[in-house]
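**Student:** You'll find protein.cif just under this line, and it carries mmCIF, C-alpha atoms and all ligand atoms.
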data_entry
#
loop_
_atom_site.label_atom_id
_atom_site.label_comp_id
_atom_site.auth_asym_id
_atom_site.auth_seq_id
_atom_site.Cartn_x
_atom_site.Cartn_y
_atom_site.Cartn_z
CA MET A 196 130.90 102.68 86.31
CA GLU A 197 131.52 104.58 89.53
CA LYS A 198 129.38 103.71 92.51
CA GLN A 199 128.11 107.27 92.79
CA ASP A 200 126.59 106.82 89.32
CA LEU A 201 124.45 103.85 90.31
CA HIS A 202 121.53 106.03 91.37
CA ARG A 203 121.12 107.10 87.77
CA LEU A 204 120.00 103.60 86.82
CA PRO A 205 116.27 103.44 87.31
CA TRP A 206 116.29 99.65 87.48
CA LEU A 207 118.79 99.31 90.27
CA PRO A 208 117.88 99.47 93.96
CA TRP A 209 120.33 102.25 94.57
CA ARG A 210 119.59 102.68 98.24
CA PHE A 211 120.61 99.08 98.79
CA HIS A 212 124.04 99.89 97.42
CA LEU A 213 124.60 103.32 98.82
CA ALA A 214 123.13 102.88 102.26
CA GLN A 215 123.09 99.16 102.89
CA PRO A 216 126.15 97.44 101.42
CA PRO A 217 125.92 93.68 101.89
CA GLU A 218 127.86 92.50 104.89
CA ASN A 219 128.04 88.88 103.86
CA THR A 220 131.28 88.54 101.94
CA ASP A 221 131.87 84.85 102.64
CA VAL A 222 130.17 83.68 99.47
CA LYS A 223 132.21 81.01 97.73
CA GLN A 224 133.76 81.44 94.33
CA GLY A 225 131.61 79.63 91.83
CA VAL A 226 128.27 80.79 93.25
CA VAL A 227 125.68 81.07 90.52
CA ALA A 228 122.73 83.10 91.71
CA TYR A 229 119.21 82.70 90.41
CA SER A 230 115.67 83.05 91.69
CA CYS A 231 113.45 81.43 89.10
CA PRO A 232 112.24 77.93 90.01
CA PHE A 233 112.58 76.85 86.37
CA VAL A 234 116.36 76.93 86.70
CA PRO A 235 117.29 73.38 87.79
CA ALA A 236 119.77 73.64 90.65
CA GLU A 237 120.89 70.09 89.81
CA TRP A 238 122.12 71.23 86.42
CA LEU A 239 124.27 74.00 87.93
CA ALA A 240 125.59 71.74 90.70
CA ALA A 241 126.42 68.93 88.27
CA HIS A 242 128.74 71.38 86.51
CA GLY A 243 130.69 71.76 89.74
CA LEU A 244 129.26 75.18 90.60
CA HIS A 245 127.29 76.33 93.62
CA PRO A 246 123.68 77.15 92.82
CA ARG A 247 122.15 79.69 95.13
CA ARG A 248 118.49 80.50 94.84
CA MET A 249 118.33 84.01 96.21
CA VAL A 250 115.60 85.35 98.43
CA PRO A 251 116.28 89.08 98.32
CA HIS A 252 115.34 91.46 101.05
CA ALA A 253 113.14 94.50 100.66
CA ASN A 254 115.08 97.63 99.85
CA GLY A 255 113.81 99.71 102.69
CA THR A 256 112.13 103.06 102.54
CA ALA A 257 114.04 104.72 99.75
CA THR A 258 112.73 107.98 98.50
CA GLY A 259 112.66 108.84 94.81
CA MET A 260 109.37 107.19 93.84
CA GLY A 261 109.80 108.48 90.34
CA GLU A 262 112.70 106.13 89.82
CA ARG A 263 110.80 103.14 91.10
CA MET A 264 107.41 103.62 89.49
CA GLY A 265 106.55 100.66 87.35
CA VAL A 266 109.44 98.50 88.55
CA CYS A 267 108.72 95.33 90.46
CA PRO A 268 110.33 95.65 93.90
CA TYR A 269 111.24 91.96 93.87
CA ALA A 270 113.12 92.27 90.59
CA ARG A 271 114.94 95.33 91.93
CA ALA A 272 115.78 93.62 95.20
CA PHE A 273 117.06 90.59 93.30
CA ALA A 274 119.36 92.78 91.25
CA GLY A 275 120.67 94.38 94.42
CA ALA A 276 121.33 91.02 96.00
CA VAL A 277 123.35 89.58 93.14
CA LEU A 278 125.63 92.40 92.09
CA PRO A 279 129.32 91.45 92.18
CA GLU A 280 130.08 92.96 95.53
CA ALA A 281 127.78 90.32 97.06
CA GLY A 282 130.29 87.68 95.93
CA VAL A 283 128.26 86.15 93.13
CA GLN A 284 130.24 84.85 90.15
CA ALA A 285 127.38 84.72 87.67
CA VAL A 286 123.65 85.22 87.47
CA VAL A 287 121.02 83.13 85.71
CA MET A 288 117.71 84.82 84.99
CA THR A 289 114.71 83.74 82.95
CA THR A 290 112.08 85.19 80.68
CA VAL A 291 109.08 84.19 82.79
CA CYS A 292 108.13 87.87 83.12
CA ASP A 293 109.01 91.10 81.34
CA GLN A 294 110.31 92.69 84.54
CA MET A 295 112.97 90.03 85.00
CA ARG A 296 113.80 90.03 81.31
CA ARG A 297 114.43 93.77 81.41
CA MET A 298 116.33 93.50 84.68
CA ALA A 299 118.57 90.86 83.08
CA GLU A 300 119.34 93.26 80.23
CA THR A 301 120.20 96.00 82.70
CA LEU A 302 122.38 93.77 84.83
CA ALA A 303 124.15 92.38 81.77
CA ARG A 304 125.02 95.94 80.81
CA GLU A 305 125.96 97.29 84.18
CA SER A 306 127.31 94.50 86.34
CA ASN A 307 130.66 92.76 86.20
CA ALA A 308 129.17 89.32 86.74
CA PRO A 309 128.12 87.54 83.54
CA VAL A 310 124.35 87.22 83.19
CA PHE A 311 122.68 84.34 81.40
CA LEU A 312 119.11 84.87 80.26
CA MET A 313 117.34 81.56 79.91
CA HIS A 314 114.24 81.40 77.73
CA VAL A 315 111.35 79.58 79.35
CA PRO A 316 108.42 79.23 76.96
CA LYS A 317 105.00 80.12 78.29
CA THR A 318 103.37 77.20 76.49
CA TRP A 319 104.28 73.76 77.71
CA GLU A 320 101.99 71.17 76.14
CA THR A 321 103.84 70.19 72.98
CA PRO A 322 107.00 68.09 72.51
CA ALA A 323 108.52 70.98 70.55
CA VAL A 324 108.58 73.33 73.57
CA HIS A 325 110.03 70.56 75.76
CA ARG A 326 112.82 70.17 73.20
CA TYR A 327 113.29 73.93 73.24
CA PHE A 328 113.66 73.93 77.04
CA ARG A 329 116.13 71.07 76.79
CA ASP A 330 118.15 73.06 74.25
CA GLU A 331 118.12 76.00 76.65
CA LEU A 332 119.63 73.77 79.32
CA GLY A 333 122.31 72.83 76.79
CA ARG A 334 123.00 76.50 76.13
CA LEU A 335 123.12 77.15 79.89
CA GLY A 336 125.55 74.25 80.25
CA ARG A 337 127.93 75.81 77.72
CA PHE A 338 127.75 79.09 79.65
CA LEU A 339 128.61 77.24 82.86
CA VAL A 340 131.61 75.59 81.20
CA ARG A 341 132.84 79.00 80.05
CA LEU A 342 132.57 80.11 83.69
CA GLY A 343 134.94 77.34 84.72
CA GLY A 344 132.46 74.54 85.28
CA THR A 345 132.81 71.02 83.94
CA ALA A 346 130.23 69.41 81.67
CA PRO A 347 128.82 66.54 83.75
CA ASP A 348 128.96 62.96 82.58
CA ARG A 349 125.81 60.94 82.81
CA ASN A 350 126.58 59.35 86.19
CA ALA A 351 127.55 62.65 87.79
CA LEU A 352 124.26 64.16 86.65
CA ILE A 353 122.27 61.18 87.93
CA ASP A 354 124.03 61.30 91.32
CA THR A 355 123.40 65.03 91.67
CA MET A 356 119.75 64.65 90.72
CA LEU A 357 119.30 61.85 93.26
CA ARG A 358 120.84 63.96 96.03
CA TYR A 359 118.52 66.88 95.34
CA ASP A 360 115.52 64.60 94.99
CA ALA A 361 116.27 62.96 98.35
CA ALA A 362 116.68 66.35 100.03
CA ARG A 363 113.32 67.56 98.67
CA ALA A 364 111.65 64.34 99.81
CA ALA A 365 113.16 64.78 103.30
CA LEU A 366 111.91 68.35 103.40
CA ALA A 367 108.43 67.31 102.33
CA GLY A 368 108.48 64.57 104.97
CA ALA A 369 109.36 67.09 107.68
CA ARG A 370 106.57 69.46 106.63
CA GLY A 371 103.93 68.23 109.05
CA HIS A 372 106.25 68.52 112.05
CA LEU A 373 107.29 72.11 111.56
CA THR A 374 105.70 75.43 112.29
CA SER A 375 105.29 77.89 109.41
CA ARG A 376 108.46 79.69 110.52
CA GLN A 377 110.50 76.50 110.81
CA TRP A 378 109.32 75.30 107.40
CA ALA A 379 110.18 78.63 105.78
CA ALA A 380 113.64 78.56 107.40
CA ALA A 381 114.23 74.99 106.18
CA LEU A 382 113.24 76.00 102.63
CA MET A 383 115.55 79.03 102.69
CA ALA A 384 118.41 76.82 103.86
CA PHE A 385 117.72 74.38 101.03
CA PHE A 386 117.61 77.18 98.46
CA ARG A 387 120.95 78.44 99.78
CA ASP A 388 122.84 75.19 100.38
CA GLY A 389 121.01 72.54 98.38
CA PRO A 390 121.28 68.97 99.72
CA ASP A 391 123.98 70.12 102.17
CA ALA A 392 121.35 72.06 104.09
CA GLN A 393 120.30 70.76 107.47
CA ILE A 394 116.89 69.17 107.00
CA PRO A 395 114.97 69.30 110.28
CA GLY A 396 114.30 65.89 111.76
CA LYS A 397 111.00 64.55 113.02
CA ARG A 398 109.63 66.44 116.00
CA ASP A 399 106.35 66.56 117.78
CA THR A 400 103.56 67.89 115.64
CA PRO A 401 103.36 71.61 116.49
CA ALA A 402 100.19 73.25 117.67
CA ARG A 403 98.07 74.24 114.68
CA GLY A 404 96.00 77.31 114.11
CA ILE A 405 93.55 78.02 111.32
CA PRO A 406 95.05 76.31 108.25
CA LEU A 407 95.95 78.79 105.52
CA ALA A 408 97.53 78.70 102.08
CA LEU A 409 100.01 81.31 100.95
CA VAL A 410 99.50 81.77 97.20
CA GLY A 411 100.98 84.05 94.58
CA GLY A 412 104.29 85.65 93.78
CA PRO A 413 107.51 85.91 95.72
CA GLY A 414 107.95 87.69 99.01
CA LEU A 415 110.73 90.03 99.93
CA SER A 416 112.95 88.38 102.55
CA ASP A 417 112.09 85.19 104.36
CA GLY A 418 108.61 86.42 105.17
CA ALA A 419 109.27 86.09 108.89
CA ALA A 420 107.14 89.11 109.83
CA LEU A 421 104.27 87.82 107.71
CA LEU A 422 104.43 84.35 109.24
CA ASP A 423 104.73 85.78 112.74
CA ALA A 424 101.63 87.88 112.18
CA ILE A 425 99.73 84.85 110.91
CA GLU A 426 100.73 82.73 113.88
CA ALA A 427 100.09 85.55 116.36
CA GLY A 428 96.59 85.87 114.93
CA GLY A 429 95.92 82.16 115.40
CA GLY A 430 96.66 80.92 111.88
CA THR A 431 99.25 78.65 110.37
CA VAL A 432 100.46 78.30 106.80
CA VAL A 433 99.99 74.65 105.88
CA LEU A 434 100.56 75.22 102.16
CA ASP A 435 103.13 77.60 100.74
CA ALA A 436 102.09 77.93 97.13
CA SER A 437 103.91 81.23 96.67
CA ALA A 438 106.82 81.65 94.28
CA GLN A 439 109.19 80.72 97.08
CA GLY A 440 107.29 77.75 98.44
CA GLU A 441 106.78 74.09 97.82
CA ARG A 442 104.69 74.80 94.72
CA THR A 443 107.95 75.50 92.95
CA PHE A 444 109.42 72.06 93.63
CA PRO A 445 109.88 69.92 90.52
CA ALA A 446 108.16 66.55 90.35
CA PRO A 447 109.93 63.68 92.12
CA PHE A 448 112.20 61.99 89.60
CA ASP A 449 111.05 58.82 87.92
CA ARG A 450 113.89 56.38 88.72
CA ARG A 451 113.66 54.38 85.51
CA ARG A 452 113.56 57.41 83.25
CA LEU A 453 116.24 59.08 85.33
CA HIS A 454 118.65 56.30 84.40
CA ASP A 455 117.52 56.11 80.76
CA ASP A 456 117.78 59.84 80.04
CA PRO A 457 118.69 62.05 83.04
CA LEU A 458 118.53 65.34 81.15
CA GLY A 459 115.14 64.42 79.68
CA GLU A 460 113.88 63.59 83.16
CA LEU A 461 115.17 66.92 84.45
CA VAL A 462 113.26 68.72 81.69
CA ASP A 463 110.04 66.85 82.43
CA ALA A 464 110.27 67.28 86.20
CA TYR A 465 110.81 71.04 85.94
CA PHE A 466 109.36 72.33 82.71
CA GLY A 467 106.70 69.65 82.43
CA TYR A 468 105.49 69.95 85.99
CA ILE A 469 105.94 73.17 88.00
CA PRO A 470 102.60 75.01 88.02
CA ASP A 471 102.79 78.78 87.64
CA ALA A 472 100.62 81.74 86.74
CA PHE A 473 102.66 82.73 83.65
CA ARG A 474 102.13 79.40 81.89
CA ARG A 475 99.69 79.05 79.03
CA PRO A 476 97.42 77.43 79.79
CA ASN A 477 97.92 77.77 83.52
CA SER A 478 95.27 75.22 84.41
CA ALA A 479 97.91 73.12 86.20
CA LEU A 480 98.17 75.88 88.81
CA TYR A 481 94.49 75.57 89.65
CA ALA A 482 94.59 71.77 89.60
CA TYR A 483 97.54 71.88 92.01
CA LEU A 484 95.78 74.34 94.33
CA LYS A 485 92.50 72.44 94.30
CA ARG A 486 94.25 69.21 95.22
CA GLU A 487 96.51 70.62 97.92
CA ILE A 488 93.90 72.92 99.48
CA GLY A 489 91.54 69.95 99.78
CA ASP A 490 94.19 67.55 101.11
CA ARG A 491 95.42 70.00 103.75
CA GLY A 492 92.05 71.30 104.89
CA VAL A 493 92.90 74.93 104.04
CA LYS A 494 90.32 77.42 105.35
CA GLY A 495 91.62 80.65 103.85
CA ILE A 496 94.00 81.95 101.19
CA ILE A 497 96.52 84.74 101.63
CA PHE A 498 97.30 85.87 98.10
CA ARG A 499 100.38 87.99 97.75
CA ARG A 500 101.76 89.88 94.84
CA CYS A 501 104.32 92.58 94.33
CA VAL A 502 103.19 95.96 93.12
CA TRP A 503 103.80 96.29 89.37
CA CYS A 504 103.61 92.53 88.91
CA ASP A 505 101.32 92.03 85.92
CA THR A 506 101.47 88.25 86.07
CA TRP A 507 99.99 87.87 89.52
CA HIS A 508 97.80 90.93 89.22
CA ALA A 509 96.08 89.32 86.25
CA GLU A 510 95.65 86.12 88.20
CA MET A 511 94.24 87.76 91.29
CA GLN A 512 90.74 88.40 89.98
CA ARG A 513 90.44 84.98 88.42
CA MET A 514 91.53 83.37 91.65
CA LYS A 515 89.05 85.38 93.69
CA GLU A 516 86.25 84.04 91.51
CA TRP A 517 87.67 80.52 91.58
CA ALA A 518 88.32 80.22 95.31
CA GLU A 519 85.60 78.62 97.38
CA ILE A 520 87.18 79.85 100.60
CA PRO A 521 87.92 83.41 101.78
CA MET A 522 90.90 85.12 100.22
CA LEU A 523 92.95 88.09 101.44
CA VAL A 524 95.09 89.98 98.92
CA LEU A 525 98.36 91.53 100.12
CA GLU A 526 100.62 93.72 98.05
CA ALA A 527 104.34 93.87 98.75
CA ASP A 528 106.20 97.06 97.96
CA ASP A 529 109.73 98.15 98.85
CA SER A 530 108.92 97.67 102.51
CA GLY A 531 108.13 94.01 101.94
CA GLU A 532 104.94 92.50 103.35
CA SER A 533 105.57 93.67 106.85
CA GLN A 534 103.93 97.07 106.68
CA PRO A 535 101.68 97.66 109.71
CA ARG A 536 98.63 97.92 107.44
CA ALA A 537 99.25 94.48 105.98
CA LEU A 538 99.77 92.95 109.39
CA SER A 539 96.55 94.40 110.77
CA ARG A 540 94.64 93.14 107.71
CA ILE A 541 95.94 89.65 108.43
CA GLN A 542 94.66 89.91 111.99
CA ALA A 543 91.23 91.00 110.77
CA PHE A 544 91.14 88.22 108.16
CA LEU A 545 91.89 85.59 110.80
CA GLU A 546 89.26 86.99 113.13
CA ASN A 547 86.69 86.64 110.38
CA LEU A 548 87.73 83.06 109.73
CA ARG A 549 87.45 82.09 113.37
S1 LIG B 601 106.95 89.39 91.24
FE1 LIG B 601 105.99 89.37 89.21
S2 LIG B 601 106.95 91.06 88.09
FE2 LIG B 601 108.21 90.66 89.89
S3 LIG B 601 109.78 89.28 89.15
FE3 LIG B 601 108.13 87.99 89.97
S4 LIG B 601 106.74 87.52 88.25
FE4 LIG B 601 108.11 89.23 87.65
#
Kindly return the structure encoded in the file as structure tokens.

**Tutor:**
Amino acid sequence: MEKQDLHRLPWLPWRFHLAQPPENTDVKQGVVAYSCPFVPAEWLAAHGLHPRRMVPHANGTATGMGERMGVCPYARAFAGAVLPEAGVQAVVMTTVCDQMRRMAETLARESNAPVFLMHVPKTWETPAVHRYFRDELGRLGRFLVRLGGTAPDRNALIDTMLRYDAARAALAGARGHLTSRQWAAALMAFFRDGPDAQIPGKRDTPARGIPLALVGGPGLSDGAALLDAIEAGGGTVVLDASAQGERTFPAPFDRRRLHDDPLGELVDAYFGYIPDAFRRPNSALYAYLKREIGDRGVKGIIFRRCVWCDTWHAEMQRMKEWAEIPMLVLEADDSGESQPRALSRIQAFLENLR
């Protein structure tokens, strides 16, 4: 396909390609891009590849609304971030929502990088679906071997899992000593570089504003403008329960089970634990939020969702009724969350909380 034909594909963020070609060409061979938290980075890394959990940027102010109606801007931005010219060798996507499933089909057709679509069942309470998820990891492993990876032996997998587990524990330990911006930057570095990322050391506890929780779907970009607006208005995000936050961490690994059956432990820590809106039932999401909101003294919720995101749109009303503290809903479109209107609503929300 010629580049000038890309704009004919309604699912692709054509402006990103035509007007904003990625400048970062230093991506290593062997990078496997993904964004879904149900893809275990340890599994990719144990095959000798470089997992990179992408945090795509908003596509800007492209015209041509007709082409973008109904398409989640996050899914489009993800596709733009992982196309071959960005240096990605392969892409792993999941079936957690229809938008990503359809985007995977489009990318598989139109991009040069192989795309693996991993099936993540919505239900999670029976042994059968755990076995299914484990089989999916096996299928993913065979894909990684075809890419040039090496099937890990048991010890290599255990070592990789321990490294990731230690890095997540170090990140969690640093949480209370970082501002919202520093925490978000540390998370982005971990998503990009895994355990090789620089984990911030202990510092003085930063000044705190009104404690807030960020809840909902993914943001577009690192959310710097959003976090700046929150801090400028006198708030601080003490809980990032968005799709790019600590909510998406797997459970800490059980050391005994890790050595008995590392792949089984990986399945349980990811599939058996991560709370999310798409899961059925999704009661674990509310149990997680209730616990963490209470423990961290959260006074208000900033709920974000992308336009056209059915999953978080459906959850929004339920969460409004469930929440015992004030909640502000923000919608991210192709401009990300940094539109002036969103920023002024954050200011007003914080004033009301004060
Ligand atoms: S924001 Fe919603 S629609 Fe978009 S990729 Fe995520 S879950 Fe899917």

**Student:** Could you pull the residues within 9 Å of A:Leu335, counting all atoms listed in the file, minus those fewer than 6 positions along the same chain, as a VMD selection string?

**Tutor:** chain A and resid 238 to 239 287 311 to 313

**Student:** Measure the distance from atom CA of A:Pro413 to atom CA of A:Trp517 in Å and round it to one decimal.

**Tutor:** 21.0 Å

**Student:** Go ahead and fit an axis-aligned box to every listed atom of ligand LIG 601 (chain B) plus 8 Å each side, and pass me the centre and edge lengths in Å, one decimal, as AutoDock Vina command-line options.

**Tutor:**
--center_x 107.9 --center_y 89.3 --center_z 89.4 --size_x 19.8 --size_y 19.5 --size_z 19.6

**Student:** Of the candidates A:Ala381, A:Ala367, A:Val432, A:Ala472, which shows the shortest atom-to-atom distance to A:Pro447, using only C-alpha atoms?

**Tutor:**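 Going through A:Ala381, A:Ala367, A:Val432, A:Ala472 one by one, the smallest distance to A:Pro447 is for A:Ala367.
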
**Student:** Could the residues that lie within 12 Å of ligand LIG 601 (chain B), counting all atoms listed in the file, be listed as a PDB file with C-alpha atoms, in the coordinates of the input?

**Tutor:**
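Output (result_30.pdb):
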ATOM      1  CA  TYR A 229     119.210  82.700  90.410  1.00  0.00           C
ATOM      2  CA  SER A 230     115.670  83.050  91.690  1.00  0.00           C
ATOM      3  CA  CYS A 231     113.450  81.430  89.100  1.00  0.00           C
ATOM      4  CA  PRO A 232     112.240  77.930  90.010  1.00  0.00           C
ATOM      5  CA  VAL A 250     115.600  85.350  98.430  1.00  0.00           C
ATOM      6  CA  PRO A 251     116.280  89.080  98.320  1.00  0.00           C
ATOM      7  CA  GLY A 265     106.550 100.660  87.350  1.00  0.00           C
ATOM      8  CA  VAL A 266     109.440  98.500  88.550  1.00  0.00           C
ATOM      9  CA  CYS A 267     108.720  95.330  90.460  1.00  0.00           C
ATOM     10  CA  PRO A 268     110.330  95.650  93.900  1.00  0.00           C
ATOM     11  CA  TYR A 269     111.240  91.960  93.870  1.00  0.00           C
ATOM     12  CA  ALA A 270     113.120  92.270  90.590  1.00  0.00           C
ATOM     13  CA  ARG A 271     114.940  95.330  91.930  1.00  0.00           C
ATOM     14  CA  ALA A 272     115.780  93.620  95.200  1.00  0.00           C
ATOM     15  CA  PHE A 273     117.060  90.590  93.300  1.00  0.00           C
ATOM     16  CA  ALA A 274     119.360  92.780  91.250  1.00  0.00           C
ATOM     17  CA  MET A 288     117.710  84.820  84.990  1.00  0.00           C
ATOM     18  CA  THR A 289     114.710  83.740  82.950  1.00  0.00           C
ATOM     19  CA  THR A 290     112.080  85.190  80.680  1.00  0.00           C
ATOM     20  CA  VAL A 291     109.080  84.190  82.790  1.00  0.00           C
ATOM     21  CA  CYS A 292     108.130  87.870  83.120  1.00  0.00           C
ATOM     22  CA  ASP A 293     109.010  91.100  81.340  1.00  0.00           C
ATOM     23  CA  GLN A 294     110.310  92.690  84.540  1.00  0.00           C
ATOM     24  CA  MET A 295     112.970  90.030  85.000  1.00  0.00           C
ATOM     25  CA  ARG A 296     113.800  90.030  81.310  1.00  0.00           C
ATOM     26  CA  ARG A 297     114.430  93.770  81.410  1.00  0.00           C
ATOM     27  CA  MET A 298     116.330  93.500  84.680  1.00  0.00           C
ATOM     28  CA  ALA A 299     118.570  90.860  83.080  1.00  0.00           C
ATOM     29  CA  GLY A 411     100.980  84.050  94.580  1.00  0.00           C
ATOM     30  CA  GLY A 412     104.290  85.650  93.780  1.00  0.00           C
ATOM     31  CA  PRO A 413     107.510  85.910  95.720  1.00  0.00           C
ATOM     32  CA  GLY A 414     107.950  87.690  99.010  1.00  0.00           C
ATOM     33  CA  LEU A 415     110.730  90.030  99.930  1.00  0.00           C
ATOM     34  CA  SER A 437     103.910  81.230  96.670  1.00  0.00           C
ATOM     35  CA  ALA A 438     106.820  81.650  94.280  1.00  0.00           C
ATOM     36  CA  GLN A 439     109.190  80.720  97.080  1.00  0.00           C
ATOM     37  CA  ASP A 471     102.790  78.780  87.640  1.00  0.00           C
ATOM     38  CA  ALA A 472     100.620  81.740  86.740  1.00  0.00           C
ATOM     39  CA  PHE A 473     102.660  82.730  83.650  1.00  0.00           C
ATOM     40  CA  ARG A 474     102.130  79.400  81.890  1.00  0.00           C
ATOM     41  CA  ARG A 499     100.380  87.990  97.750  1.00  0.00           C
ATOM     42  CA  ARG A 500     101.760  89.880  94.840  1.00  0.00           C
ATOM     43  CA  CYS A 501     104.320  92.580  94.330  1.00  0.00           C
ATOM     44  CA  VAL A 502     103.190  95.960  93.120  1.00  0.00           C
ATOM     45  CA  TRP A 503     103.800  96.290  89.370  1.00  0.00           C
ATOM     46  CA  CYS A 504     103.610  92.530  88.910  1.00  0.00           C
ATOM     47  CA  ASP A 505     101.320  92.030  85.920  1.00  0.00           C
ATOM     48  CA  THR A 506     101.470  88.250  86.070  1.00  0.00           C
ATOM     49  CA  TRP A 507      99.990  87.870  89.520  1.00  0.00           C
ATOM     50  CA  HIS A 508      97.800  90.930  89.220  1.00  0.00           C
ATOM     51  CA  ALA A 509      96.080  89.320  86.250  1.00  0.00           C
ATOM     52  CA  GLU A 510      95.650  86.120  88.200  1.00  0.00           C
ATOM     53  CA  GLU A 526     100.620  93.720  98.050  1.00  0.00           C
ATOM     54  CA  ALA A 527     104.340  93.870  98.750  1.00  0.00           C
ATOM     55  CA  ASP A 528     106.200  97.060  97.960  1.00  0.00           C
ATOM     56  CA  ASP A 529     109.730  98.150  98.850  1.00  0.00           C
ATOM     57  CA  GLY A 531     108.130  94.010 101.940  1.00  0.00           C
TER      58      GLY A 531
END

**Student:** Take the point (122.6, 75.1, 96.5) in the file's coordinates, draw a sphere of radius 6 Å around it, and report as a PyMOL selection string every protein, DNA or RNA residue with an atom inside or on it, counting only C-alpha atoms.

**Tutor:** chain A and resi 245-247+386-389

**Student:** A:Ala479, A:Ala446, A:Ala240, A:Leu407: which is nearest A:Ile541, counting all atoms listed in the file?

**Tutor:** A:Leu407

**Student:** Go through A:Ala323, A:Ile496, A:Asn350, A:His314 and flag the residue nearest A:Asp455, using all atoms listed in the file for the distances.

**Tutor:**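 The shortest atom-to-atom distance to A:Asp455 comes from A:Asn350.
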
**Student:** Excluding A:Leu421 and any residue of its chain fewer than 5 positions from it, enumerate the residues within 12 Å of it, using all atoms listed in the file, and give them as an MDAnalysis selection string.

**Tutor:** chainID A and resid 375:376 379 409 414:416 426:428 430:432 497 499 525:527 531:542

**Student:** To one decimal place in Å, what is the distance between atom CA of A:Ala464 and atom CA of A:Ala436?

**Tutor:**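 Atom CA of A:Ala436 lies 17.3 Å from atom CA of A:Ala464.
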
**Student:** May I ask for the distance between atom CA of A:Gly344 and atom CA of A:Leu244, given in Å to one decimal place?

**Tutor:**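 Computed distance, atom CA of A:Gly344 to atom CA of A:Leu244, equals 6.2 Å.
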
**Student:** Might you pull out every residue within 10 Å of A:Pro476, with all atoms listed in the file counted and same-chain residues fewer than 5 positions away left off, and present them as a list of chain:residue names?

**Tutor:**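 In the requested format, the answer is A:Lys317, A:Thr318, A:Trp319, A:Glu320, A:Asp471.
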
**Student:** Hey, what's within 12 Å of A:Arg450 if we count all atoms listed in the file and toss same-chain stuff fewer than 3 positions away? As number ranges by chain, please?

**Tutor:** A: 353-354, 356-357, 360-361, 446-447, 453-457, 460-461, 464

**Student:** Take the selection from the previous step and output its residues with C-alpha atoms, as a short mmCIF file (atom, residue, chain, number, x, y, z; two decimals), in the coordinates of the input.

**Tutor:**
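Output saved as selection.cif:
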data_model
loop_
_atom_site.label_atom_id
_atom_site.label_comp_id
_atom_site.auth_asym_id
_atom_site.auth_seq_id
_atom_site.Cartn_x
_atom_site.Cartn_y
_atom_site.Cartn_z
CA ILE A 353 122.27 61.18 87.93
CA ASP A 354 124.03 61.30 91.32
CA MET A 356 119.75 64.65 90.72
CA LEU A 357 119.30 61.85 93.26
CA ASP A 360 115.52 64.60 94.99
CA ALA A 361 116.27 62.96 98.35
CA ALA A 446 108.16 66.55 90.35
CA PRO A 447 109.93 63.68 92.12
CA LEU A 453 116.24 59.08 85.33
CA HIS A 454 118.65 56.30 84.40
CA ASP A 455 117.52 56.11 80.76
CA ASP A 456 117.78 59.84 80.04
CA PRO A 457 118.69 62.05 83.04
CA GLU A 460 113.88 63.59 83.16
CA LEU A 461 115.17 66.92 84.45
CA ALA A 464 110.27 67.28 86.20
#

**Student:** Against stretch 492-495 of chain A, which residues of stretch 386-454 of chain A fall within 7 Å? For each one I want the closest pair of atoms and the distance in Å (one decimal), counting all atoms listed in the file, rows by chain and increasing residue number, as JSON lines.

**Tutor:**
{"residue": "A:Ile405", "atom": "CA", "partner": "A:Lys494", "partner_atom": "CA", "distance": 6.8}
{"residue": "A:Pro406", "atom": "CA", "partner": "A:Val493", "partner_atom": "CA", "distance": 4.9}
{"residue": "A:Leu407", "atom": "CA", "partner": "A:Gly495", "partner_atom": "CA", "distance": 5.0}
{"residue": "A:Ala408", "atom": "CA", "partner": "A:Val493", "partner_atom": "CA", "distance": 6.3}

**Student:** Please write the residues from the selection above to a file, keeping C-alpha atoms, as a PDB file, in the frame of the given file.

**Tutor:**
ATOM      1  CA  ILE A 405      93.550  78.020 111.320  1.00  0.00           C
ATOM      2  CA  PRO A 406      95.050  76.310 108.250  1.00  0.00           C
ATOM      3  CA  LEU A 407      95.950  78.790 105.520  1.00  0.00           C
ATOM      4  CA  ALA A 408      97.530  78.700 102.080  1.00  0.00           C
TER       5      ALA A 408
END

**Student:** Between A:Leu545, A:Leu422, A:Val227, A:Ala236, single out the one closest to A:Phe338, counting all atoms listed in the file.

**Tutor:**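 Smallest separation from A:Phe338 among the options: A:Val227.
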
**Student:** Choose the residue, out of A:Leu373, A:Trp378, A:Glu331, A:Arg452, that has the smallest atom-to-atom separation from A:Arg403; count all atoms listed in the file.

**Tutor:**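 The shortest atom-to-atom distance to A:Arg403 comes from A:Leu373.
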
**Student:** Can you list, as a list of chain:residue names, every protein, DNA or RNA residue that comes within 8 Å of A:Ala228 when you count all atoms listed in the file, leaving out same-chain residues fewer than 4 positions away?

**Tutor:**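 Listing them by chain and then by number gives A:Pro246, A:Arg247, A:Arg248, A:Met249, A:Val277, A:Val283, A:Gln284, A:Ala285, A:Val286, A:Val287.
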